[in-house]
file coords-v1.txt (compact mmCIF, C-alpha atoms)
# COMPACT_ATOMS: atom_id res chain seq x y z
CA MET P 1 4.81 -8.83 83.74
CA TYR P 2 6.77 -10.67 81.01
CA ARG P 3 3.74 -12.81 80.22
CA ILE P 4 1.60 -9.69 79.62
CA SER P 5 4.18 -8.14 77.30
CA ASN P 6 4.49 -11.46 75.41
CA ILE P 7 0.73 -11.59 74.98
CA LEU P 8 0.73 -7.99 73.75
CA ILE P 9 3.51 -8.69 71.21
CA ILE P 10 1.64 -11.76 69.91
CA ALA P 11 -1.58 -9.72 69.63
CA LEU P 12 0.19 -6.93 67.72
CA LEU P 13 1.83 -9.45 65.39
CA ALA P 14 -1.57 -11.00 64.71
CA VAL P 15 -2.96 -7.59 63.81
CA ALA P 16 0.05 -6.80 61.64
CA VAL P 17 -0.17 -10.12 59.77
CA SER P 18 -3.93 -9.79 59.21
CA GLY P 19 -3.31 -6.35 57.70
CA CYS P 20 -1.10 -7.68 54.83
CA SER P 21 -2.75 -7.03 51.45
CA THR P 22 -2.77 -9.87 48.93
CA VAL P 23 -4.35 -8.04 45.97
CA ARG P 24 -2.11 -5.72 44.00
CA GLU P 25 -3.14 -3.06 41.55
CA LEU P 26 -2.51 -3.88 37.92
CA GLN P 27 -0.09 -1.59 36.12
CA ILE P 28 -0.75 -1.18 32.41
CA PHE P 29 1.52 1.08 30.43
CA GLU P 30 0.34 2.56 27.18
CA GLN P 31 2.31 5.06 25.20
CA GLU P 32 1.31 5.93 21.70
CA VAL P 33 3.95 7.58 19.58
CA PRO P 34 2.52 9.08 16.39
CA ARG P 35 4.43 8.10 13.27
CA GLU P 36 5.81 10.92 11.16
CA LYS P 37 4.07 11.23 7.82
CA LEU P 38 6.25 10.72 4.78
CA ASN P 39 4.07 12.83 2.47
CA LEU P 40 6.15 12.32 -0.63
CA SER P 41 4.47 13.35 -3.83
CA HIS P 42 4.94 11.66 -7.19
CA PRO P 43 7.60 13.24 -9.40
CA GLU P 44 6.24 15.46 -12.12
CA ALA P 45 5.42 13.71 -15.38
CA VAL P 46 8.00 14.26 -18.08
CA LYS P 47 6.98 15.68 -21.43
CA MET P 48 8.42 13.28 -24.00
CA GLU P 49 10.31 14.56 -27.02
CA PRO P 50 8.76 13.56 -30.37
CA LEU P 51 10.61 10.91 -32.37
CA GLN P 52 10.55 10.43 -36.10
CA TRP P 53 11.21 7.00 -37.56
CA VAL P 54 12.51 6.78 -41.11
CA ILE P 55 12.06 3.61 -43.12
CA ILE P 56 14.93 3.10 -45.47
CA THR P 57 15.18 0.37 -48.06
CA SER P 58 17.69 -0.27 -50.85
CA GLU P 59 15.23 1.36 -53.21
CA ASN P 60 14.41 4.57 -51.37
CA ALA P 61 17.83 5.14 -49.76
CA GLU P 62 18.97 7.89 -52.12
CA GLU P 63 15.65 9.69 -51.81
CA VAL P 64 15.74 9.46 -48.00
CA PHE P 65 19.29 10.86 -47.76
CA ALA P 66 18.45 13.64 -50.21
CA LYS P 67 15.47 14.54 -48.05
CA LEU P 68 17.66 14.65 -44.96
CA LYS P 69 20.05 17.05 -46.71
CA GLU P 70 17.11 19.20 -47.76
CA GLN P 71 15.98 19.43 -44.15
CA GLY P 72 19.49 20.44 -43.09
CA LYS P 73 20.03 17.21 -41.18
CA ASP P 74 23.19 15.12 -41.26
CA PRO P 75 22.84 12.36 -43.87
CA VAL P 76 23.02 9.60 -41.32
CA LEU P 77 20.46 7.25 -39.77
CA PHE P 78 20.67 4.97 -36.75
CA GLY P 79 19.04 1.77 -37.89
CA LEU P 80 17.17 -1.18 -36.52
CA SER P 81 16.08 -4.30 -38.32
CA ASP P 82 12.36 -5.11 -38.32
CA LYS P 83 12.89 -7.71 -35.59
CA ASP P 84 14.90 -5.30 -33.45
CA TYR P 85 12.18 -2.68 -33.90
CA GLU P 86 9.69 -5.24 -32.59
CA PHE P 87 11.93 -5.95 -29.59
CA LEU P 88 12.31 -2.22 -28.91
CA SER P 89 8.54 -1.74 -29.00
CA LYS P 90 8.02 -4.67 -26.63
CA ASN P 91 10.75 -3.48 -24.26
CA PHE P 92 9.16 -0.07 -24.23
CA ALA P 93 5.76 -1.62 -23.44
CA GLN P 94 7.26 -3.63 -20.60
CA ILE P 95 8.97 -0.59 -19.08
CA ARG P 96 5.68 1.30 -19.34
CA ALA P 97 3.77 -1.56 -17.67
CA TYR P 98 6.36 -1.67 -14.90
CA MET P 99 5.95 2.07 -14.30
CA ILE P 100 2.17 1.70 -14.13
CA LYS P 101 2.45 -1.15 -11.61
CA GLN P 102 4.98 0.70 -9.46
CA ARG P 103 2.84 3.82 -9.41
CA GLN P 104 -0.22 1.80 -8.44
CA ILE P 105 1.69 0.05 -5.65
CA ILE P 106 2.92 3.40 -4.28
CA ASP P 107 -0.62 4.81 -4.42
CA GLN P 108 -1.99 1.75 -2.61
CA TYR P 109 0.68 1.99 0.10
CA LYS P 110 -0.13 5.66 0.57
CA GLU P 111 -3.85 4.98 0.77
CA TYR P 112 -3.39 2.00 3.10
CA TYR P 113 -1.23 3.82 5.63
CA GLU P 114 -2.00 7.51 5.31
CA SER P 115 -5.78 7.23 4.97
CA GLU P 116 -5.83 5.41 8.35
CA ASP P 117 -3.81 8.26 9.88
CA GLU P 118 -6.34 10.77 8.60
CA LYS P 119 -9.21 8.76 10.08
CA THR P 120 -7.59 8.58 13.54
CA GLU P 121 -6.74 12.28 13.42
CA LYS P 122 -10.40 13.22 12.97
CA MET L 1 -2.42 -10.45 90.16
CA PHE L 2 -6.04 -10.55 89.03
CA GLY L 3 -5.83 -6.81 88.32
CA SER L 4 -3.01 -7.28 85.82
CA ILE L 5 -4.80 -10.21 84.14
CA LYS L 6 -7.84 -8.00 83.67
CA ILE L 7 -5.71 -5.25 82.16
CA ALA L 8 -4.11 -7.81 79.85
CA MET L 9 -7.52 -9.14 78.81
CA VAL L 10 -8.79 -5.63 78.08
CA LEU L 11 -5.66 -4.87 76.04
CA ILE L 12 -6.04 -8.13 74.10
CA MET L 13 -9.68 -7.30 73.36
CA LEU L 14 -8.75 -3.79 72.26
CA ALA L 15 -5.95 -5.19 70.08
CA GLY L 16 -8.39 -7.73 68.60
CA ALA L 17 -10.94 -5.00 67.85
CA GLY L 18 -8.23 -2.81 66.32
CA GLY L 19 -6.97 -5.74 64.26
CA GLY L 20 -10.49 -6.47 63.08
CA PHE L 21 -10.96 -2.85 62.07
CA VAL L 22 -7.71 -2.82 60.12
CA TYR L 23 -8.58 -6.18 58.54
CA VAL L 24 -11.97 -4.91 57.31
CA LYS L 25 -10.35 -1.71 56.07
CA ASN L 26 -7.80 -3.73 54.11
CA ILE L 27 -10.49 -6.00 52.71
CA LYS L 28 -12.32 -2.90 51.48
CA ALA L 29 -9.14 -1.54 49.93
CA ASP L 30 -8.51 -4.92 48.26
CA LEU L 31 -12.06 -4.92 46.94
CA ALA L 32 -11.62 -1.45 45.50
CA THR L 33 -8.33 -2.52 43.89
CA SER L 34 -9.98 -5.65 42.48
CA GLU L 35 -12.79 -3.57 41.05
CA ALA L 36 -10.26 -1.19 39.46
CA ASN L 37 -8.36 -4.19 38.08
CA ASN L 38 -11.57 -5.62 36.64
CA LEU L 39 -12.28 -2.32 34.96
CA LYS L 40 -8.78 -2.26 33.48
CA LEU L 41 -9.16 -5.84 32.28
CA GLU L 42 -12.50 -4.98 30.68
CA GLN L 43 -10.90 -1.99 28.95
CA SER L 44 -8.05 -4.25 27.90
CA VAL L 45 -10.49 -6.76 26.40
CA ALA L 46 -12.32 -3.94 24.61
CA SER L 47 -9.08 -2.61 23.11
CA GLN L 48 -8.05 -6.15 22.13
CA LYS L 49 -11.38 -6.53 20.37
CA ALA L 50 -10.77 -3.24 18.58
CA VAL L 51 -7.32 -4.48 17.52
CA ILE L 52 -8.79 -7.73 16.19
CA GLU L 53 -11.43 -5.77 14.29
CA GLN L 54 -8.76 -3.47 12.87
CA GLN L 55 -6.72 -6.49 11.78
CA ALA L 56 -9.77 -7.99 10.06
CA ASN L 57 -10.34 -4.70 8.23
CA ASP L 58 -6.66 -4.56 7.26
CA PHE L 59 -6.76 -8.10 5.84
CA LYS L 60 -9.88 -7.18 3.87
CA LYS L 61 -8.16 -4.06 2.53
CA ILE L 62 -5.02 -6.04 1.63
CA LEU L 63 -7.13 -8.55 -0.29
CA GLU L 64 -8.84 -5.71 -2.17
CA ILE L 65 -5.48 -4.12 -3.02
CA ASN L 66 -4.10 -7.44 -4.26
CA LYS L 67 -7.22 -7.91 -6.35
CA ASP L 68 -6.73 -4.44 -7.90
CA LEU L 69 -3.07 -5.14 -8.64
CA GLU L 70 -3.97 -8.50 -10.15
CA LYS L 71 -6.55 -6.77 -12.37
CA THR L 72 -3.95 -4.23 -13.54
CA ASN L 73 -1.47 -7.04 -14.24
CA LYS L 74 -4.05 -8.88 -16.34
CA THR L 75 -4.96 -5.73 -18.29
CA LEU L 76 -1.31 -4.92 -18.98
CA ALA L 77 -0.61 -8.52 -19.98
CA ALA L 78 -3.55 -8.35 -22.40
CA GLU L 79 -2.20 -5.10 -23.89
CA PHE L 80 1.23 -6.68 -24.28
CA ALA L 81 -0.33 -9.71 -25.97
CA ALA L 82 -2.18 -7.32 -28.33
CA LEU L 83 1.14 -5.67 -29.21
CA ASP L 84 2.73 -9.05 -29.88
CA LYS L 85 -0.26 -9.95 -32.05
CA ARG L 86 0.19 -6.74 -34.08
CA PHE L 87 3.74 -7.76 -34.93
CA ASN L 88 3.01 -11.43 -35.52
CA LYS L 89 -0.50 -11.33 -36.94
CA ILE L 90 -1.47 -14.27 -39.15
CA ASN L 91 -2.64 -13.08 -42.56
CA GLY L 92 -5.32 -14.56 -44.80
CA ARG L 93 -2.85 -17.04 -46.28
CA GLY L 94 -1.94 -18.35 -42.83
CA GLU L 95 1.46 -16.65 -42.82
CA VAL L 96 2.91 -14.59 -39.98
CA ARG L 97 2.97 -10.86 -40.78
CA ASP L 98 6.44 -9.77 -41.85
CA LEU L 99 6.91 -6.12 -40.91
CA GLY L 100 10.22 -5.94 -42.78
CA ASP L 101 8.66 -7.22 -45.97
CA LEU L 102 5.75 -4.79 -45.60
CA ALA L 103 8.19 -1.92 -45.04
CA VAL L 104 10.08 -2.79 -48.23
CA LYS L 105 6.89 -2.93 -50.27
CA ARG L 106 5.03 0.00 -48.67
CA SER L 107 7.70 2.13 -47.00
CA GLU L 108 5.69 5.31 -46.64
CA SER L 109 2.57 3.78 -45.12
CA VAL L 110 4.58 1.61 -42.71
CA GLU L 111 6.63 4.67 -41.75
CA ARG L 112 3.41 6.54 -41.01
CA VAL L 113 2.03 3.65 -38.93
CA VAL L 114 5.30 3.30 -36.99
CA ASN L 115 5.47 7.04 -36.27
CA ASN L 116 1.84 7.15 -35.13
CA ALA L 117 2.39 4.16 -32.86
CA THR L 118 5.54 5.78 -31.43
CA LYS L 119 3.66 8.99 -30.73
CA LYS L 120 0.98 7.00 -28.91
CA ALA L 121 3.57 4.99 -27.00
CA MET L 122 5.27 8.21 -25.87
CA ARG L 123 1.96 9.53 -24.66
CA CYS L 124 1.43 6.28 -22.75
CA VAL L 125 4.71 6.85 -20.92
CA GLU L 126 3.64 10.37 -19.99
CA ILE L 127 0.33 9.04 -18.63
CA ALA L 128 2.12 6.25 -16.77
CA MET L 129 4.24 8.94 -15.12
CA GLY L 130 1.09 10.73 -13.97
CA ALA L 131 0.34 13.22 -16.75
CA GLU L 132 -3.29 14.35 -16.74
CA LEU L 133 -5.58 12.97 -19.43
CA THR L 134 -6.93 15.33 -22.05
CA GLU L 135 -10.68 15.75 -22.65
CA LYS L 136 -10.27 13.93 -25.95
CA GLU L 137 -8.64 10.97 -24.20
CA ILE L 138 -11.26 10.87 -21.47
CA ASN L 139 -14.17 11.03 -23.90
CA ALA L 140 -12.80 8.48 -26.37
CA THR L 141 -15.14 5.51 -26.65
CA LEU L 142 -14.59 4.33 -30.21
CA LYS L 143 -11.68 2.20 -31.36
CA SER L 144 -10.73 4.89 -33.88
CA GLU L 145 -10.45 7.48 -31.08
CA ILE L 146 -8.40 5.58 -28.53
CA ASN L 147 -4.70 5.26 -27.86
CA SER L 148 -4.32 1.66 -29.03
CA GLU L 149 -0.98 1.31 -27.24
CA CYS L 150 -2.43 1.66 -23.73
CA PRO L 151 -6.22 2.12 -23.70
CA SER L 152 -6.47 0.92 -20.09
CA ILE L 153 -4.75 4.05 -18.79
CA ALA L 154 -5.35 6.51 -21.64
CA ASN L 155 -9.05 6.00 -22.30
CA PRO L 156 -11.00 5.21 -19.13
CA ASN L 157 -14.36 5.29 -20.92
CA TYR L 158 -13.39 2.89 -23.67
CA VAL L 159 -14.91 -0.57 -23.35
CA PRO L 160 -13.11 -3.02 -25.65
CA TYR L 161 -15.34 -5.20 -27.74
CA LYS L 162 -14.94 -8.86 -26.78

call {"tool": "encode", "arguments": {"input": "coords-v1.txt", "output": "structure tokens"}}
result
Amino acid sequence: MYRISNILIIALLAVAVSGCSTVRELQIFEQEVPREKLNLSHPEAVKMEPLQWVIITSENAEEVFAKLKEQGKDPVLFGLSDKDYEFLSKNFAQIRAYMIKQRQIIDQYKEYYESEDEKTEK
Amino acid sequence: MFGSIKIAMVLIMLAGAGGGFVYVKNIKADLATSEANNLKLEQSVASQKAVIEQQANDFKKILEINKDLEKTNKTLAAEFAALDKRFNKINGRGEVRDLGDLAVKRSESVERVVNNATKKAMRCVEIAMGAELTEKEINATLKSEINSECPSIANPNYVPYK
């Protein structure tokens, strides 16, 4: 009787072992989280105030100050030498160039990232 | 005795048949899983290819952007050099232009030139900040019509003579 039960146990174990699966299903996780759009617009362009340069020399000084008084302006001028005027002009040009470059870089960033978003949204 | 051996044999055969059935069933399940895995791997390869293609497009775009920025830098550098040249122009006698000396001798005309240049420079700042171009600025093609301080941004239709 014991022999028969032993044989049965062995047979069941054989069946159980042969039933073990060796191939497992692959698990791939994908989760796409859409990035929030920044959508910042450029600040509004400023309207610049007009400036008036006055050239004053030892010869025309009296005339210039008289003209200022005539126009109801204080008889005072904030001066620059010719070299300093050149430096001011060049500084101004460099600031302007910097603004142009920055604006272009911002536009390119916007186009690079946000145009792709628009494409994928379609 | 023989009766129990027979029963045992029949049970073993039944167990063997059952085991075989389960084995085949598992093989089939494994095959189905393998097929599903293959499909996932193929999809994975396809999405990897799409990523590589996207990266290639991105690199291309980055190169184009850098090229554009480089072009702008060169144009602005040329405009700055033109400004420097206006201040330090060499006259017919081989001397460097002296703005101060000119201003002493011809105060009114230099004042007019300086004020015009300032007005143009102010307009350049407005354009650099994003102000819209006027019709006059857009249509300017002659040197006498342009904003000489920043023609690259103020006069898109002006082609400088080289």

call {"tool": "interface_residues", "arguments": {"input": "coords-v1.txt", "of": "chain P", "to": "chain L", "cutoff": "8 Å", "atoms": "all atoms listed in the file", "output": "mmCIF file with C-alpha atoms, in the frame of the given file"}}
result
data_model
loop_
_atom_site.group_PDB
_atom_site.id
_atom_site.type_symbol
_atom_site.label_atom_id
_atom_site.label_comp_id
_atom_site.auth_asym_id
_atom_site.auth_seq_id
_atom_site.Cartn_x
_atom_site.Cartn_y
_atom_site.Cartn_z
ATOM 1 C CA ILE P 4 1.600 -9.690 79.620
ATOM 2 C CA ILE P 7 0.730 -11.590 74.980
ATOM 3 C CA LEU P 8 0.730 -7.990 73.750
ATOM 4 C CA ALA P 11 -1.580 -9.720 69.630
ATOM 5 C CA LEU P 12 0.190 -6.930 67.720
ATOM 6 C CA ALA P 14 -1.570 -11.000 64.710
ATOM 7 C CA VAL P 15 -2.960 -7.590 63.810
ATOM 8 C CA ALA P 16 0.050 -6.800 61.640
ATOM 9 C CA SER P 18 -3.930 -9.790 59.210
ATOM 10 C CA GLY P 19 -3.310 -6.350 57.700
ATOM 11 C CA CYS P 20 -1.100 -7.680 54.830
ATOM 12 C CA SER P 21 -2.750 -7.030 51.450
ATOM 13 C CA THR P 22 -2.770 -9.870 48.930
ATOM 14 C CA VAL P 23 -4.350 -8.040 45.970
ATOM 15 C CA ARG P 24 -2.110 -5.720 44.000
ATOM 16 C CA GLU P 25 -3.140 -3.060 41.550
ATOM 17 C CA LEU P 26 -2.510 -3.880 37.920
ATOM 18 C CA HIS P 42 4.940 11.660 -7.190
ATOM 19 C CA PRO P 43 7.600 13.240 -9.400
ATOM 20 C CA GLU P 44 6.240 15.460 -12.120
ATOM 21 C CA ALA P 45 5.420 13.710 -15.380
ATOM 22 C CA VAL P 46 8.000 14.260 -18.080
ATOM 23 C CA LYS P 47 6.980 15.680 -21.430
ATOM 24 C CA MET P 48 8.420 13.280 -24.000
ATOM 25 C CA PRO P 50 8.760 13.560 -30.370
ATOM 26 C CA LEU P 51 10.610 10.910 -32.370
ATOM 27 C CA GLN P 52 10.550 10.430 -36.100
ATOM 28 C CA TRP P 53 11.210 7.000 -37.560
ATOM 29 C CA VAL P 54 12.510 6.780 -41.110
ATOM 30 C CA ILE P 55 12.060 3.610 -43.120
ATOM 31 C CA ILE P 56 14.930 3.100 -45.470
ATOM 32 C CA THR P 57 15.180 0.370 -48.060
ATOM 33 C CA SER P 81 16.080 -4.300 -38.320
ATOM 34 C CA ASP P 82 12.360 -5.110 -38.320
ATOM 35 C CA LYS P 83 12.890 -7.710 -35.590
ATOM 36 C CA GLU P 86 9.690 -5.240 -32.590
ATOM 37 C CA LYS P 90 8.020 -4.670 -26.630
ATOM 38 C CA ALA P 93 5.760 -1.620 -23.440
ATOM 39 C CA GLN P 94 7.260 -3.630 -20.600
ATOM 40 C CA ARG P 96 5.680 1.300 -19.340
ATOM 41 C CA ALA P 97 3.770 -1.560 -17.670
ATOM 42 C CA MET P 99 5.950 2.070 -14.300
ATOM 43 C CA ILE P 100 2.170 1.700 -14.130
ATOM 44 C CA LYS P 101 2.450 -1.150 -11.610
ATOM 45 C CA ARG P 103 2.840 3.820 -9.410
ATOM 46 C CA GLN P 104 -0.220 1.800 -8.440
ATOM 47 C CA ILE P 105 1.690 0.050 -5.650
ATOM 48 C CA GLN P 108 -1.990 1.750 -2.610
ATOM 49 C CA TYR P 112 -3.390 2.000 3.100
#

call {"tool": "closest_residue", "arguments": {"input": "coords-v1.txt", "among": "L:Gly3, L:Pro151, L:Gly94, L:Pro156", "to": "L:Lys120", "atoms": "all atoms listed in the file"}}
result
L:Pro151

call {"tool": "closest_residue", "arguments": {"input": "coords-v1.txt", "among": "L:Asn157, L:Asn57, L:Ser148, L:Asn91", "to": "L:Glu135", "atoms": "all atoms listed in the file"}}
result
L:Asn157

call {"tool": "atom_distance", "arguments": {"input": "coords-v1.txt", "atom1": "atom CA of L:Val51", "atom2": "atom CA of P:Glu36"}}
result
21.2 Å

call {"tool": "atom_distance", "arguments": {"input": "coords-v1.txt", "atom1": "atom CA of L:Leu63", "atom2": "atom CA of P:Tyr109"}}
result
13.1 Å

call {"tool": "atom_distance", "arguments": {"input": "coords-v1.txt", "atom1": "atom CA of P:Asp107", "atom2": "atom CA of P:Leu40"}}
result
10.8 Å
